[in-house]
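Data block below; observations after.
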Number of protein chains: 4
Amino acid sequence: MSATNIGVIGCGYWGPNLLRNFAENEAAQLRWICDLDEERLASMSRRYPMARTTADYRTLVADDAVDAVAVVTPVATHFAIAKELLRAGKHVLLEKPLAATVAEAEELIDLAEQHKRTLMVDHTFVYTGAVRKMKELVDSGELGDLLYFDSVRINLGLFQRDINVLWDLAPHDLSIMDYLIERQPEAISALGSSHIERGIENIAYMVMLFPDQFIAHFHFNWLAPVKIRRTMIAGSGKMILYDDIEPTEKVRVYDSGVTANRVGDREAEYQTLVSYRTGDVWAPKLDSTEALRYVVAEFLDSIRERRQSLTDGHAGLRVVRLLEAAQQSMKNGGQSVILNIAATRHA
Amino acid sequence: MSATNIGVIGCGYWGPNLLRNFAENEAAQLRWICDLDEERLASMSRRYPMARTTADYRTLVADDAVDAVAVVTPVATHFAIAKELLRAGKHVLLEKPLAATVAEAEELIDLAEQHKRTLMVDHTFVYTGAVRKMKELVDSGELGDLLYFDSVRINLGLFQRDINVLWDLAPHDLSIMDYLIERQPEAISALGSSHIERGIENIAYMVMLFPDQFIAHFHFNWLAPVKIRRTMIAGSGKMILYDDIEPTEKVRVYDSGVTANRVGDREAEYQTLVSYRTGDVWAPKLDSTEALRYVVAEFLDSIRERRQSLTDGHAGLRVVRLLEAAQQSMKNGGQSVILNIAATRHA
Amino acid sequence: MSATNIGVIGCGYWGPNLLRNFAENEAAQLRWICDLDEERLASMSRRYPMARTTADYRTLVADDAVDAVAVVTPVATHFAIAKELLRAGKHVLLEKPLAATVAEAEELIDLAEQHKRTLMVDHTFVYTGAVRKMKELVDSGELGDLLYFDSVRINLGLFQRDINVLWDLAPHDLSIMDYLIERQPEAISALGSSHIERGIENIAYMVMLFPDQFIAHFHFNWLAPVKIRRTMIAGSGKMILYDDIEPTEKVRVYDSGVTANRVGDREAEYQTLVSYRTGDVWAPKLDSTEALRYVVAEFLDSIRERRQSLTDGHAGLRVVRLLEAAQQSMKNGGQSVILNIAATRHA
Amino acid sequence: MSATNIGVIGCGYWGPNLLRNFAENEAAQLRWICDLDEERLASMSRRYPMARTTADYRTLVADDAVDAVAVVTPVATHFAIAKELLRAGKHVLLEKPLAATVAEAEELIDLAEQHKRTLMVDHTFVYTGAVRKMKELVDSGELGDLLYFDSVRINLGLFQRDINVLWDLAPHDLSIMDYLIERQPEAISALGSSHIERGIENIAYMVMLFPDQFIAHFHFNWLAPVKIRRTMIAGSGKMILYDDIEPTEKVRVYDSGVTANRVGDREAEYQTLVSYRTGDVWAPKLDSTEALRYVVAEFLDSIRERRQSLTDGHAGLRVVRLLEAAQQSMKNGGQSVILNIAATRHA
């Protein structure tokens with residue numbers, strides 16, 4: 001079996017990581033590196049002399065030898081570039097988020113289907129050992145009924161000029177939740193504030209309501225004194241604390257919960273204790289392989305096996321749909337946006 | 001100068017702490033202990049044999065020797081009890097929150113004014129070494145322009161039967177913010193969920209918008225795998241992290257911040273770094289005196305000096321106004337409630 | 001069955017805790033409280049009006065109605081007081097360490113045997129949920145061969161005038177190790193330094209060698225910037241980290257270890273990796289009952305059941321033997337002291 | 001000014017880091033890469049095509065164009081290689097520790113002096129922002145009289161075949177202490193244990209006594225359940241806690257201390273509190289530049305400026321002297337080794 005010929009468009013912050021992982025995967029042959037910055041291109045070329053370089057992505061579109069392309073450019077450019085690539089019969093891996101609007105995402109999915117090509121989004125976190133272990137736990141049912149999902153992703157860090165903190169950070173947590181919970185919210189609202197650049201929110205809160213009292217909440221912040229990456233997933237049986245900052249023990253499972261005692265009514269007058277359970281805590285060993293290695297392998301495998309990937313266009317669309325709704329809510333001062341569940345159900 | 005004769009109504013979870021602090025304050029003379037539970041009353045009586053006991057708070061209302069009364073009963077009863085006490089000319093210290101509605105709180109304030117009596121609310125946290133140190137820092141101006149207030153108060157713990165997690169926990173954070181920030185929000189919204197008892201939210205999120213992009217957010221939770229009590233107060237100059245779980249170093253001041261560089265436009269293509277500053281971190285030594293000791297002293301002093309206390313009826317009202325608005329928003333699925341700033345400005 | 005009549009001698013820092021636990025145990029009747037300080041005696045008397053008070057412990061020795069006495073005085077006085085009590089036919093619970101010398105400890109054990117009375121030492125930590133859980137783990141064999149015991153007990157705190165940091169803090173860790181490991185060292189050495197009071201070491205290190213490469217090390221310090229109470233117990237199969245500062249999860253079990261690969265010799269030139277395993281981490285739920293409650297119960301039970309207690313005179317002697325040897329080593333600049341294993345084997 | 005022609009011998013774990021830093025320094029010209037492993041050599045060559053490669057270090061000795069050589073080989077080979085290089089007139093940077101014995105270290109120093117060449121040891125930690133900040137603090141005198149140095153460097157990790165844990169890890173802490181404290185101990189003792197490979201200690205404790213009650217202690221461990229890199233430096237005025245695991249705030253300064261109150265003798269009977277101070281805690285901002293960049297710059301500067309480097313042969317010798325003494329003590333079951341202070345005083 002011959003290797004898949006790969007092009008990578010965009011060598012900014014994340015692109016070099018994809019380049020490295022394609023270079024290390026034997027099923028891939030790095031054919032093109034594309035970036036607008038000449039210096040960066042030269043630097044990448046020294047590292048990967050087997051690949052050709054170009055500043056014009058259309059060179060890749062036009063090269064019949066190219067099988068698949070990773071697009072690691074700003075989200076505003078995803079649609080235009082991916083459209084041309086798919087039409088030219090290339091398989092496409094897009095950096096998260098998949099596209100800037102639901103309409104764009106839907107059109108890309110349609111194009112991929114028409115041309116029978118793989119369309120995949122780089123929801124990297126889905127491929128981490130931590131998230132895959134949590135998926136096992138959730139799917140095993142031992143958490144019981146799911147109660148809430150609460151995620152905090154804050155630090156003092158990179159400011160983006162083209163997108164706000166929501167579009168920058170939320171794709172991580174939304175893709176994790178989408179993968180783990182497999183449910184879509186009925187309503188979403190978001191509020192944020194812009195302290196640095198007018199119109200670019202650097203802090204944002206987002207909350208989603210689901211059927212059956214399940215609730216999800218998110219805090220994104222580019223301007224925090226400390227770095228926190230922490231998610232709680234609570235079930236009636238067990239609860240998970242996922243702390244991505246921890247060097248080890250990123251996932252902890254708490255055998256804790258609450259049971260409402262409704263038998264009898266001889267409660268103390270002023271306040272009563274619902275009986276709660278605190279039990280063992282368990283931190284499972286996690287696969288520490290770099291997630292991007294699995295992303296690249298899944299992309300190549302799904303091409304070869306002509307199947308949908310774990311994070312296909314539909315997964316990308318579901319995340320974009322939530323981003324778009326949250327953005328709309330934020331623009332309207334936090335007014336709740338009702339989501340059409342039928343339209344957004346898990347593919 | 002003769003001691004102030006004190007009665008305490010309610011000996012549940014918090015009442016005994018007030019009893020102990022009144023007993024230890026030389027300016028107070030414990031005269032009455034009141035509780036509906038006979039056993040608890042007997043137990044308190046053994047500890048404070050100088051005080052009389054009764055199951056009927058009207059005994060205190062009727063006793064002319066009583067100067068002042070602390071009411072440590074469920075919030076639903078505050079108004080009825082405090083009204084009788086004020087009319088009978090007693091000074092009143094009410095457990096937080098001051099009252100169950102804005103209307104009640106306003107009537108209590110009016111009554112206290114008519115009868116020239118002290119009306120105070122036990123916003124305990126305002127009297128802690130940590131909060132007083134943060135007040136110094138905020139007032140000194142070294143934080144710069146205030147950007148946001150973010151507070152998380154979660155754990156696996158006490159469930160209340162009569163009030164939800166918002167009314168239980170929010171008074172702490174709202175009283176802290178009110179004291180530190182001295183600003184009132186323009187709009188408030190809240191969302192929660194009830195996993196244990198129908199209609200009693202055990203998780204709630206609340207967000208407030210202020211003029212000038214200042215934003216405040218709160219997370220309250222009775223059903224979390226870990227205990228967190230953490231507040232961030234960010235300024236354009238410095239940021240504070242207040243972690244009440246820390247045994248020492250509860251308050252940390254980060255000499256960190258962000259400056260937008262708008263000079264020139266030669267930014268890199270895909271993303272740019274707003275220049276940010278990380279500097280020294282400083283954890284000031286804090287007064288570790290029990291806060292309730294200061295609460296009791298302030299109550300006694302404000303009576304003797306015939307002045308408003310630090311946490312007077314107006315402070316209590318401001319907190320109740322926010323709780324009432326948040327509750328209304330939560331009932332309406334998170335719909336924003338616009339607050340009349342004129343009505344709620346700092347007294 | 002009638003209650004055991006109890007006297008408590010010494011109401012300084014720890015005595016009141018024993019008083020409280022005897023008062024709460026229905027099998028005990030508090031008969032005497034003894035202390036040299038009149039004020040303290042009066043304060044205790046108010047709290048426990050059923051007990052008589054005296055400044056002279058000989059009153060308890062002479063009172064035939066007294067069954068058992070807890071001695072919570074400085075270690076230098078243990079021997080003289082306990083000797084009189086045992087001779088008068090009283091059961092004796094001594095605060096740790098049991099005595100100031102091996103000779104004293106041995107004589108007390110002999111006296112207790114002659115008079116058929118219970119002699120027990122208050123090795124409180126042995127009765128904590130954390131230590132009892134670790135005992136289960138060690139006894140189950142899942143740790144594999146024991147490799148080392150490493151304990152750090154440091155903080156900025158109480159200085160003693162009559163004893164050094166070794167005699168103050170080491171009894172805790174030595175009693176824990178004695179209970180968990182049930183082995184005696186062949187040699188012991190210790191070094192310390194006196195920065196505050198000449199001749200009273202405020203920092204000390206102690207190391208013990210056992211047969212089979214097992215090694216134990218201890219760091220005691222009254223003058224540390226932070227508080228640490230941490231013990232590692234490593235086995236060839238699993239390792240335990242016991243952090244007594246942690247509010248929860250005090251005991252963590254690491255399914256980690258190392259295996260030497262001796263098959264073949266094609267190791268890389270400069271350094272090679274012995275294969276090591278990192279696996280799950282597990283924090284078992286612990287009984288959070290106050291340990292002293294169990295101490296008091298064990299004392300009363302062992303009296304009633306005419307049996308040795310879990311922390312009997314021999315346990316106390318083993319700890320004193322190590323303290324005496326460590327003190328001797330410290331006096332001689334860390335010179336190793338060889339221990340007569342036959343004499344110190346587990347009774 | 002022409003660039004210094006550099007050779008690097010040894011491309012195992014650490015060598016590539018030196019290669020990278022020489023490659024990035026404009027004052028250096030990478031001329032030779034030397035390693036016994038062909039594959040590794042090829043891999044380095046691809047990364048640094050400007051350099052020649054060889055498996056025989058004598059090629060570098062013989063090349064007149066070579067100005068300076070970094071030797072990153074096992075310690076057992078340092079002496080033989082460095083001797084030839086110095087005799088051939090090359091400047092030499094040796095990986096830590098400088099040599100395997102004091103005699104070797106002294107001969108290298110003599111050779112360097114005879115040939116007027118720079119002999120430097122790569123005590124990397126001395127060049128970190130954390131250690132340089134601590135040096136400022138110690139030199140400023142604000143710590144007061146130095147009381148103790150306590151260092152713990154443990155984890156589950158790399159096992160060496162040729163050296164024990166002492167020779168592997170102690171050079172880090174000894175070089176830090178030597179740089180910060182500038183004092184030499186009077187006596188040293190060490191104890192260890194070998195659990196994996198006979199004769200290769202994987203756990204070791206080392207203690208040093210200095211004049212004036214200053215004491216230093218070290219714990220090294222390859223077989224610990226957790227990773228700890230923590231040093232305490234206590235002074236009578238302030239104390240430093242240096243935690244190298246912390247991503248930020250590695251250095252904390254505690255304004256805490258103890259004062260013995262010797263006025264009067266009305267102390268409480270059983271135990272007394274020496275008055276102690278707990279004050280502010282301060283975490284200074286640290287230079288986060290990679291330390292090895294400074295190592296390389298200092299090597300090149302000291303060559304050009306014909307001066308001793310910050311970590312010259314004498315610094316290397318002082319560390320080797322302590323290692324040799326500790327090793328001797330460990331071999332003799334912890335027997336104290338008296339050091340000749342005159343011989344080891346700071347050069």
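The way I read the labels, and the way they are meant: chains A, B, ... in the order of the structure tokens, residue 1 as the first residue of every chain, and ligand 1 as the first ligand shown, with later ones counted on from there.
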Find the nearest atom pair between each residue of chain B and chain D for residues within 12 Å, count only C-alpha atoms, give distances in Å to one decimal, sort rows by chain and ascending number, and present the table as a Markdown table.
| residue | atom | partner | partner_atom | distance |
| --- | --- | --- | --- | --- |
| B:Thr248 | CA | D:Val281 | CA | 9.8 |
| B:Glu249 | CA | D:Val281 | CA | 7.5 |
| B:Lys250 | CA | D:Val281 | CA | 10.9 |
| B:Val251 | CA | D:Val281 | CA | 10.3 |
| B:Arg252 | CA | D:Val281 | CA | 9.0 |
| B:Val253 | CA | D:Trp282 | CA | 9.6 |
| B:Tyr254 | CA | D:Ala283 | CA | 9.6 |
| B:Asp255 | CA | D:Lys285 | CA | 9.2 |
| B:Ser256 | CA | D:Lys285 | CA | 10.2 |
| B:Arg277 | CA | D:Lys285 | CA | 10.3 |
| B:Thr278 | CA | D:Lys285 | CA | 7.3 |
| B:Gly279 | CA | D:Lys285 | CA | 5.0 |
| B:Asp280 | CA | D:Pro284 | CA | 4.4 |
| B:Val281 | CA | D:Ala283 | CA | 4.9 |
| B:Trp282 | CA | D:Trp282 | CA | 4.5 |
| B:Ala283 | CA | D:Val281 | CA | 4.9 |
| B:Pro284 | CA | D:Asp280 | CA | 4.5 |
| B:Lys285 | CA | D:Asp280 | CA | 4.6 |
| B:Leu286 | CA | D:Gly279 | CA | 8.3 |
| B:Asp287 | CA | D:Gly279 | CA | 10.4 |
| B:Ser288 | CA | D:Thr278 | CA | 11.3 |
According to DSSP computed on the backbone, where in segment 137-258 of chain B is there helix (DSSP H, G or I)? Give the residues as a list in words.
Leu137, Val138, Asp139, Ser140, Val165, Leu166, Trp167, Asp168, Leu169, Ala170, Pro171, His172, Asp173, Leu174, Ser175, Ile176, Met177, Asp178, Tyr179, Leu180, Ile181, Pro211, Asp212 and Gln213 of chain B
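Near segment 74-82 of chain A, within a cut-off of 7 Å and counting only C-alpha atoms, sit the residues A:Val72, A:Glu84, A:Leu85, A:Leu86, A:Val92, A:Pro97, A:Ala99, A:Ala100, A:Glu104, B:Tyr270, with same-chain residues fewer than 2 positions away left out.
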If you run DSSP over the backbone, which residues in segment 131-221 of chain A end up strand (DSSP E)? Put them as a PyMOL selection string.
chain A and resi 146-156+187-193+203-209+215-221
Mind pulling up the distance from atom CA of Val226 of chain B to atom CA of His195 of chain B?
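Calculated distance between atom CA of His195 of chain B and atom CA of Val226 of chain B is 17.5 Å.
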When you look at Glu95 of chain D with a cut-off of 8 Å (counting only C-alpha atoms), what residues show up, excluding the ones that are within fewer than 5 positions of it in the same chain? I need them as a ChimeraX atom specification.
/D:70-73,75,121-123
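Note that the spacing between atom CA of Asn155 of chain C and atom CA of Asp244 of chain D amounts to 20.1 Å.
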